[in-house]
Amino acid sequence: MQAFENRLKKRYKHLKKWAKREQINCFRVYNWDIPEYPFTVDKYNDHAVIYIFDRNQELDREGKKLLVLIVSEVLGIENEKIFVKYRKKQKGKSQYNQIINLAYEITVEENGIKLLLNLSGYLDTGLFLDHRISRKIIMEKSAGKSVLNLFAYTGSFSVAAAKGGAKFVKTVDMSNTYLDWTRRNIKLNRQDEKIHDVYREDVLGWLEANHKQKFDLIILDPPSFSNSKKMEKSFDIQRDHSELLINTAMMLNRKGNIFFSTNKRKFKLDESLSQRFKIEELTSKTIPEDFKNKAPHSTFWISLKS
């Protein structure tokens with residue numbers, strides 16, 4: 001693993017200086033930079049999470065120990081604070097499922113908000129690092145606005161919106177687990193719970209049936225694919241995003257905006273949408289320094305045409 005170790009050292013030397021300048025404590029250090037080493041390494045303060053991507057083989061015990069040792073020495077993190085997880089090809093939000101019953105929780109801070117992470121109990125930690133800039137944009141755009149956060153996961157966008165001065169934030173997700181997590185994040189930041197409405201519902205069905213309530217800003221960050229039993233039909237972002245955006249826009253105030261994001265690789269926005277909406281692609285502005293070698297998402301700022 002010498003090549004991996006060398007690359008990790010190089011990236012960390014660069015990113016450590018960048019993170020210090022930007023006052024960032026949580027960032028991706030290694031992002032599958034070398035094809036032969038299908039890992040990602042994320043640093044969360046004095047902890048780290050290593051993801052090993054399934055390539056029809058898993059590291060043996062000695063290989064895993066060596067991997068942890070290298071990360072420990074390069075990042076200066078104790079072995080006990082490094083968590084190793086295997087990420088296999090899965091569709092929809094199934095990758096968010098619980099993998100073990102233990103809960104190793106830490107609190108991190110980003111742009112003045114605190115967020116609760118679970119480094120052991122779930123495949124994902126509760127915070128997508130690639131949306132760091134996106135959360136800051138939402139914070140800056142939320143003052144005095146009513147905000148709707150769809151497919152909300154653990155509510156980091158909702159907390160950011162409230163921190164930015166939103167007058168009302170409605171958070172919608174299908175998972176009770178993540179809605180409870182959202183409530184804990186709200187309490188962690190001592191935000192006024194009266195401005196938050198945390199709501200469990202199948203977003204797709206709810207959008208089709210609810211057009212009366214209007215919002216100034218809508219955050220739309222759906223899964224690439226989902227066929228959950230809780231949903232009436234399967235969802236594919238490439239196939240269904242046009243209908244999804246049209247239904248979402250029905251809940252938008254005349255001068256409102258939709259922040260639309262997808263992590264679907266090679267995603268192509270339906271060109272016919274430009275006849276109905278004003279669309280500005282933000283992707284180049286929302287990819288942070290630690291993800292520039294492998295852009296993980298596409299983002300768009302969408303508004304109604306006059």
# chains A, B, ... in the order shown; residues from 1 in each chain; ligands from 1
call {"tool": "residues_around", "arguments": {"residues": "range 131-133 of chain A", "least_positions_apart": "2", "cutoff": "12 Å", "atoms": "only C-alpha atoms", "output": "NGL selection string"}}
result
:A and (22 or 24-28 or 109-111 or 113 or 127-129 or 135-140 or 156-157 or 160 or 221 or 259-263 or 282-291 or 295-299)
call {"tool": "select_by_dssp", "arguments": {"residues": "range 85-214 of chain A", "states": "helix (DSSP H, G or I)", "output": "ChimeraX atom specification"}}
result
/A:92-96,129-141,156-163,176-188,193-195,203-209
call {"tool": "residues_around", "arguments": {"residues": "Asp42 in chain A", "least_positions_apart": "2", "cutoff": "9 Å", "atoms": "only C-alpha atoms", "output": "VMD selection string"}}
result
chain A and resid 26 to 31 40 44 47 to 51 129
call {"tool": "closest_residue", "arguments": {"among": "A:Leu117, A:Val84, A:Val68, A:Val172", "to": "Asn185 in chain A", "atoms": "only C-alpha atoms"}}
result
A:Leu117
call {"tool": "atom_distance", "arguments": {"atom1": "CA of Glu80 in chain A", "atom2": "CA of Thr125 in chain A"}}
result
16.6 Å
call {"tool": "select_by_dssp", "arguments": {"residues": "range 20-194 of chain A", "states": "strand (DSSP E)", "output": "number ranges by chain"}}
result
A: 26-31, 39-44, 47-53, 82-87, 105-110, 113-118, 146-150, 168-173
call {"tool": "write_last_selection", "arguments": {"atoms": "N, CA and C atoms", "output": "tab-separated table (two decimals), in the first residue's frame"}}
result
chain	number	residue	atom	x	y	z
A	26	CYS	N	-13.89	19.00	9.30
A	26	CYS	CA	-14.36	17.74	8.74
A	26	CYS	C	-14.21	17.79	7.22
A	27	PHE	N	-13.42	16.90	6.67
A	27	PHE	CA	-13.20	16.93	5.22
A	27	PHE	C	-12.71	15.58	4.71
A	28	ARG	N	-12.82	15.38	3.42
A	28	ARG	CA	-12.36	14.14	2.78
A	28	ARG	C	-10.89	14.29	2.43
A	29	VAL	N	-10.09	13.35	2.88
A	29	VAL	CA	-8.65	13.39	2.66
A	29	VAL	C	-8.26	12.61	1.42
A	30	TYR	N	-8.88	11.46	1.24
A	30	TYR	CA	-8.57	10.59	0.09
A	30	TYR	C	-9.88	10.17	-0.54
A	31	ASN	N	-9.96	10.30	-1.88
A	31	ASN	CA	-11.24	10.08	-2.56
A	31	ASN	C	-11.08	9.10	-3.72
A	39	PHE	N	-10.69	3.26	-1.85
A	39	PHE	CA	-11.07	3.72	-0.52
A	39	PHE	C	-11.45	5.19	-0.57
A	40	THR	N	-12.20	5.62	0.44
A	40	THR	CA	-12.28	7.04	0.78
A	40	THR	C	-11.92	7.16	2.25
A	41	VAL	N	-11.31	8.28	2.60
A	41	VAL	CA	-10.92	8.54	3.98
A	41	VAL	C	-11.45	9.91	4.37
A	42	ASP	N	-12.35	9.95	5.33
A	42	ASP	CA	-12.94	11.20	5.81
A	42	ASP	C	-12.46	11.49	7.22
A	43	LYS	N	-12.05	12.71	7.46
A	43	LYS	CA	-11.59	13.14	8.77
A	43	LYS	C	-12.67	13.97	9.45
A	44	TYR	N	-13.04	13.58	10.66
A	44	TYR	CA	-14.02	14.31	11.45
A	44	TYR	C	-13.35	14.72	12.76
A	47	HIS	N	-11.33	12.13	14.62
A	47	HIS	CA	-11.80	10.81	14.22
A	47	HIS	C	-11.68	10.66	12.71
A	48	ALA	N	-11.79	9.42	12.24
A	48	ALA	CA	-11.76	9.18	10.79
A	48	ALA	C	-12.66	8.01	10.44
A	49	VAL	N	-13.23	8.07	9.24
A	49	VAL	CA	-14.02	6.96	8.71
A	49	VAL	C	-13.44	6.57	7.36
A	50	ILE	N	-13.14	5.27	7.22
A	50	ILE	CA	-12.62	4.73	5.96
A	50	ILE	C	-13.73	3.92	5.31
A	51	TYR	N	-14.01	4.22	4.05
A	51	TYR	CA	-14.94	3.40	3.28
A	51	TYR	C	-14.14	2.57	2.29
A	52	ILE	N	-14.40	1.27	2.28
A	52	ILE	CA	-13.78	0.37	1.31
A	52	ILE	C	-14.87	-0.02	0.31
A	53	PHE	N	-14.64	0.27	-0.96
A	53	PHE	CA	-15.65	0.00	-1.98
A	53	PHE	C	-15.52	-1.42	-2.49
A	82	ILE	N	-10.79	5.32	14.57
A	82	ILE	CA	-10.90	5.12	13.11
A	82	ILE	C	-11.91	4.00	12.85
A	83	PHE	N	-12.89	4.27	12.01
A	83	PHE	CA	-13.95	3.32	11.72
A	83	PHE	C	-13.88	2.89	10.25
A	84	VAL	N	-13.97	1.59	10.02
A	84	VAL	CA	-13.86	1.03	8.68
A	84	VAL	C	-15.20	0.45	8.27
A	85	LYS	N	-15.67	0.83	7.07
A	85	LYS	CA	-16.96	0.35	6.59
A	85	LYS	C	-16.81	-0.07	5.13
A	86	TYR	N	-17.60	-1.07	4.73
A	86	TYR	CA	-17.61	-1.53	3.36
A	86	TYR	C	-18.84	-0.98	2.65
A	87	ARG	N	-18.61	-0.37	1.51
A	87	ARG	CA	-19.72	0.18	0.74
A	87	ARG	C	-19.88	-0.64	-0.54
A	105	GLU	N	-21.23	8.30	18.85
A	105	GLU	CA	-21.67	9.61	18.37
A	105	GLU	C	-20.67	10.70	18.73
A	106	ILE	N	-20.51	11.63	17.82
A	106	ILE	CA	-19.71	12.82	18.07
A	106	ILE	C	-20.48	14.03	17.56
A	107	THR	N	-20.10	15.20	18.00
A	107	THR	CA	-20.68	16.44	17.51
A	107	THR	C	-19.61	17.23	16.76
A	108	VAL	N	-19.96	17.70	15.57
A	108	VAL	CA	-19.03	18.51	14.79
A	108	VAL	C	-19.67	19.87	14.54
A	109	GLU	N	-18.84	20.83	14.13
A	109	GLU	CA	-19.34	22.17	13.88
A	109	GLU	C	-18.97	22.60	12.47
A	110	GLU	N	-19.92	23.28	11.81
A	110	GLU	CA	-19.71	23.73	10.44
A	110	GLU	C	-20.49	25.03	10.21
A	113	ILE	N	-22.97	26.01	12.88
A	113	ILE	CA	-24.00	25.08	13.34
A	113	ILE	C	-23.34	23.79	13.83
A	114	LYS	N	-23.99	23.14	14.79
A	114	LYS	CA	-23.51	21.88	15.32
A	114	LYS	C	-24.33	20.75	14.74
A	115	LEU	N	-23.67	19.64	14.45
A	115	LEU	CA	-24.36	18.50	13.86
A	115	LEU	C	-23.91	17.22	14.54
A	116	LEU	N	-24.88	16.37	14.82
A	116	LEU	CA	-24.62	15.11	15.49
A	116	LEU	C	-24.33	14.02	14.46
A	117	LEU	N	-23.19	13.35	14.62
A	117	LEU	CA	-22.82	12.27	13.72
A	117	LEU	C	-22.74	10.95	14.47
A	118	ASN	N	-23.06	9.87	13.76
A	118	ASN	CA	-22.92	8.53	14.30
A	118	ASN	C	-21.90	7.81	13.43
A	146	SER	N	-39.73	31.28	4.15
A	146	SER	CA	-40.30	29.98	4.49
A	146	SER	C	-39.55	28.94	3.66
A	147	VAL	N	-39.08	27.88	4.32
A	147	VAL	CA	-38.20	26.91	3.67
A	147	VAL	C	-38.79	25.51	3.77
A	148	LEU	N	-38.72	24.77	2.67
A	148	LEU	CA	-39.16	23.38	2.62
A	148	LEU	C	-37.96	22.51	2.26
A	149	ASN	N	-37.66	21.54	3.13
A	149	ASN	CA	-36.53	20.63	2.90
A	149	ASN	C	-37.07	19.24	2.63
A	150	LEU	N	-36.94	18.79	1.39
A	150	LEU	CA	-37.48	17.50	0.96
A	150	LEU	C	-36.38	16.44	0.90
A	168	PHE	N	-39.66	30.02	8.88
A	168	PHE	CA	-40.34	28.74	9.04
A	168	PHE	C	-39.62	27.70	8.20
A	169	VAL	N	-39.42	26.50	8.77
A	169	VAL	CA	-38.75	25.42	8.06
A	169	VAL	C	-39.55	24.13	8.20
A	170	LYS	N	-40.00	23.61	7.07
A	170	LYS	CA	-40.71	22.32	7.07
A	170	LYS	C	-39.76	21.26	6.53
A	171	THR	N	-39.59	20.18	7.30
A	171	THR	CA	-38.67	19.11	6.95
A	171	THR	C	-39.45	17.84	6.68
A	172	VAL	N	-39.28	17.28	5.48
A	172	VAL	CA	-40.05	16.09	5.10
A	172	VAL	C	-39.11	14.96	4.70
A	173	ASP	N	-39.33	13.81	5.31
A	173	ASP	CA	-38.59	12.59	4.95
A	173	ASP	C	-39.47	11.40	5.30
call {"tool": "atom_distance", "arguments": {"atom1": "CA of Asp216 in chain A", "atom2": "CA of Lys255 in chain A"}}
result
7.1 Å
call {"tool": "closest_residue", "arguments": {"among": "A:Tyr104, A:Asn253, A:Leu15, A:Ala152", "to": "Glu201 in chain A", "atoms": "only C-alpha atoms"}}
result
A:Ala152
call {"tool": "residues_around", "arguments": {"residues": "Leu204 in chain A", "least_positions_apart": "3", "cutoff": "12 Å", "atoms": "only C-alpha atoms", "output": "PDB file with N, CA and C atoms, in the first residue's frame"}}
result
ATOM      1  N   LEU A 150     -36.943  18.785   1.385  1.00  0.00           N
ATOM      2  CA  LEU A 150     -37.478  17.501   0.962  1.00  0.00           C
ATOM      3  C   LEU A 150     -36.381  16.438   0.897  1.00  0.00           C
ATOM      4  N   PHE A 151     -36.747  15.175   1.185  1.00  0.00           N
ATOM      5  CA  PHE A 151     -35.764  14.086   1.282  1.00  0.00           C
ATOM      6  C   PHE A 151     -34.661  14.539   2.243  1.00  0.00           C
ATOM      7  N   VAL A 172     -39.275  17.277   5.485  1.00  0.00           N
ATOM      8  CA  VAL A 172     -40.050  16.095   5.098  1.00  0.00           C
ATOM      9  C   VAL A 172     -39.114  14.958   4.700  1.00  0.00           C
ATOM     10  N   ASP A 173     -39.331  13.808   5.310  1.00  0.00           N
ATOM     11  CA  ASP A 173     -38.587  12.594   4.955  1.00  0.00           C
ATOM     12  C   ASP A 173     -39.468  11.402   5.298  1.00  0.00           C
ATOM     13  N   MET A 174     -39.121  10.247   4.751  1.00  0.00           N
ATOM     14  CA  MET A 174     -39.939   9.057   4.952  1.00  0.00           C
ATOM     15  C   MET A 174     -39.486   8.240   6.165  1.00  0.00           C
ATOM     16  N   GLU A 201     -43.395  11.590   5.686  1.00  0.00           N
ATOM     17  CA  GLU A 201     -44.269  11.313   4.545  1.00  0.00           C
ATOM     18  C   GLU A 201     -43.425  10.849   3.364  1.00  0.00           C
ATOM     19  N   LEU A 207     -46.046  15.371  -2.546  1.00  0.00           N
ATOM     20  CA  LEU A 207     -45.972  16.480  -3.501  1.00  0.00           C
ATOM     21  C   LEU A 207     -47.139  16.451  -4.482  1.00  0.00           C
ATOM     22  N   GLU A 208     -47.533  15.273  -4.889  1.00  0.00           N
ATOM     23  CA  GLU A 208     -48.634  15.150  -5.841  1.00  0.00           C
ATOM     24  C   GLU A 208     -49.960  15.581  -5.235  1.00  0.00           C
ATOM     25  N   ALA A 209     -50.081  15.457  -3.909  1.00  0.00           N
ATOM     26  CA  ALA A 209     -51.367  15.721  -3.253  1.00  0.00           C
ATOM     27  C   ALA A 209     -51.438  17.063  -2.536  1.00  0.00           C
ATOM     28  N   ASN A 210     -50.292  17.736  -2.328  1.00  0.00           N
ATOM     29  CA  ASN A 210     -50.279  18.967  -1.536  1.00  0.00           C
ATOM     30  C   ASN A 210     -49.673  20.129  -2.320  1.00  0.00           C
ATOM     31  N   LEU A 220     -34.298  20.417  -2.621  1.00  0.00           N
ATOM     32  CA  LEU A 220     -34.704  19.156  -3.231  1.00  0.00           C
ATOM     33  C   LEU A 220     -33.456  18.330  -3.526  1.00  0.00           C
ATOM     34  N   PRO A 222     -33.042  14.541  -3.772  1.00  0.00           N
ATOM     35  CA  PRO A 222     -33.603  13.185  -3.733  1.00  0.00           C
ATOM     36  C   PRO A 222     -32.544  12.106  -3.947  1.00  0.00           C
ATOM     37  N   PRO A 223     -32.882  10.852  -3.631  1.00  0.00           N
ATOM     38  CA  PRO A 223     -31.973   9.742  -3.947  1.00  0.00           C
ATOM     39  C   PRO A 223     -31.912   9.539  -5.456  1.00  0.00           C
ATOM     40  N   SER A 226     -34.911   4.792  -5.820  1.00  0.00           N
ATOM     41  CA  SER A 226     -35.548   4.238  -4.631  1.00  0.00           C
ATOM     42  C   SER A 226     -36.723   3.357  -5.024  1.00  0.00           C
ATOM     43  N   ASN A 227     -36.807   2.221  -4.381  1.00  0.00           N
ATOM     44  CA  ASN A 227     -37.975   1.347  -4.553  1.00  0.00           C
ATOM     45  C   ASN A 227     -38.459   0.863  -3.196  1.00  0.00           C
ATOM     46  N   SER A 228     -38.412   1.773  -2.232  1.00  0.00           N
ATOM     47  CA  SER A 228     -38.824   1.450  -0.872  1.00  0.00           C
ATOM     48  C   SER A 228     -40.259   0.938  -0.830  1.00  0.00           C
ATOM     49  N   LYS A 230     -42.295   1.611   1.330  1.00  0.00           N
ATOM     50  CA  LYS A 230     -43.134   2.692   1.830  1.00  0.00           C
ATOM     51  C   LYS A 230     -43.637   3.586   0.703  1.00  0.00           C
ATOM     52  N   MET A 231     -43.053   3.422  -0.501  1.00  0.00           N
ATOM     53  CA  MET A 231     -43.439   4.244  -1.640  1.00  0.00           C
ATOM     54  C   MET A 231     -44.397   3.479  -2.544  1.00  0.00           C
ATOM     55  N   GLU A 232     -45.251   4.218  -3.218  1.00  0.00           N
ATOM     56  CA  GLU A 232     -46.234   3.589  -4.090  1.00  0.00           C
ATOM     57  C   GLU A 232     -45.595   3.073  -5.378  1.00  0.00           C
ATOM     58  N   LYS A 233     -44.513   3.708  -5.818  1.00  0.00           N
ATOM     59  CA  LYS A 233     -43.843   3.273  -7.044  1.00  0.00           C
ATOM     60  C   LYS A 233     -42.352   3.590  -6.943  1.00  0.00           C
ATOM     61  N   SER A 234     -41.569   2.954  -7.817  1.00  0.00           N
ATOM     62  CA  SER A 234     -40.132   3.184  -7.796  1.00  0.00           C
ATOM     63  C   SER A 234     -39.817   4.584  -8.320  1.00  0.00           C
ATOM     64  N   PHE A 235     -38.619   5.049  -7.994  1.00  0.00           N
ATOM     65  CA  PHE A 235     -38.192   6.377  -8.408  1.00  0.00           C
ATOM     66  C   PHE A 235     -36.795   6.300  -8.994  1.00  0.00           C
ATOM     67  N   ASP A 236     -36.609   6.908 -10.157  1.00  0.00           N
ATOM     68  CA  ASP A 236     -35.310   7.008 -10.808  1.00  0.00           C
ATOM     69  C   ASP A 236     -35.091   8.474 -11.161  1.00  0.00           C
ATOM     70  N   ILE A 237     -34.036   9.081 -10.641  1.00  0.00           N
ATOM     71  CA  ILE A 237     -33.852  10.518 -10.779  1.00  0.00           C
ATOM     72  C   ILE A 237     -33.710  10.949 -12.237  1.00  0.00           C
ATOM     73  N   ASP A 240     -37.289  10.450 -13.752  1.00  0.00           N
ATOM     74  CA  ASP A 240     -38.430  11.106 -13.110  1.00  0.00           C
ATOM     75  C   ASP A 240     -38.186  12.540 -12.654  1.00  0.00           C
ATOM     76  N   HIS A 241     -36.984  13.100 -12.893  1.00  0.00           N
ATOM     77  CA  HIS A 241     -36.710  14.416 -12.296  1.00  0.00           C
ATOM     78  C   HIS A 241     -37.568  15.536 -12.868  1.00  0.00           C
ATOM     79  N   GLU A 243     -40.791  15.438 -13.832  1.00  0.00           N
ATOM     80  CA  GLU A 243     -42.076  15.413 -13.122  1.00  0.00           C
ATOM     81  C   GLU A 243     -41.902  15.865 -11.678  1.00  0.00           C
ATOM     82  N   LEU A 244     -40.807  15.434 -11.052  1.00  0.00           N
ATOM     83  CA  LEU A 244     -40.539  15.813  -9.666  1.00  0.00           C
ATOM     84  C   LEU A 244     -40.385  17.325  -9.531  1.00  0.00           C
ATOM     85  N   LEU A 245     -39.637  17.934 -10.426  1.00  0.00           N
ATOM     86  CA  LEU A 245     -39.419  19.376 -10.357  1.00  0.00           C
ATOM     87  C   LEU A 245     -40.711  20.151 -10.622  1.00  0.00           C
ATOM     88  N   ILE A 246     -41.515  19.678 -11.547  1.00  0.00           N
ATOM     89  CA  ILE A 246     -42.785  20.342 -11.845  1.00  0.00           C
ATOM     90  C   ILE A 246     -43.711  20.279 -10.628  1.00  0.00           C
ATOM     91  N   ASN A 247     -43.787  19.107  -9.985  1.00  0.00           N
ATOM     92  CA  ASN A 247     -44.622  18.966  -8.787  1.00  0.00           C
ATOM     93  C   ASN A 247     -44.085  19.805  -7.629  1.00  0.00           C
ATOM     94  N   THR A 248     -42.765  19.862  -7.494  1.00  0.00           N
ATOM     95  CA  THR A 248     -42.157  20.668  -6.440  1.00  0.00           C
ATOM     96  C   THR A 248     -42.450  22.145  -6.650  1.00  0.00           C
TER      97      THR A 248
END
call {"tool": "atom_distance", "arguments": {"atom1": "CA of His196 in chain A", "atom2": "CA of Lys163 in chain A"}}
result
11.7 Å
call {"tool": "residues_around", "arguments": {"residues": "Gly144 in chain A", "least_positions_apart": "6", "cutoff": "9 Å", "atoms": "only C-alpha atoms", "output": "VMD selection string"}}
result
chain A and resid 164 to 168
call {"tool": "closest_residue", "arguments": {"among": "A:Ser134, A:Asn176, A:Gln191, A:Ser306", "to": "Ala162 in chain A", "atoms": "only C-alpha atoms"}}
result
A:Gln191
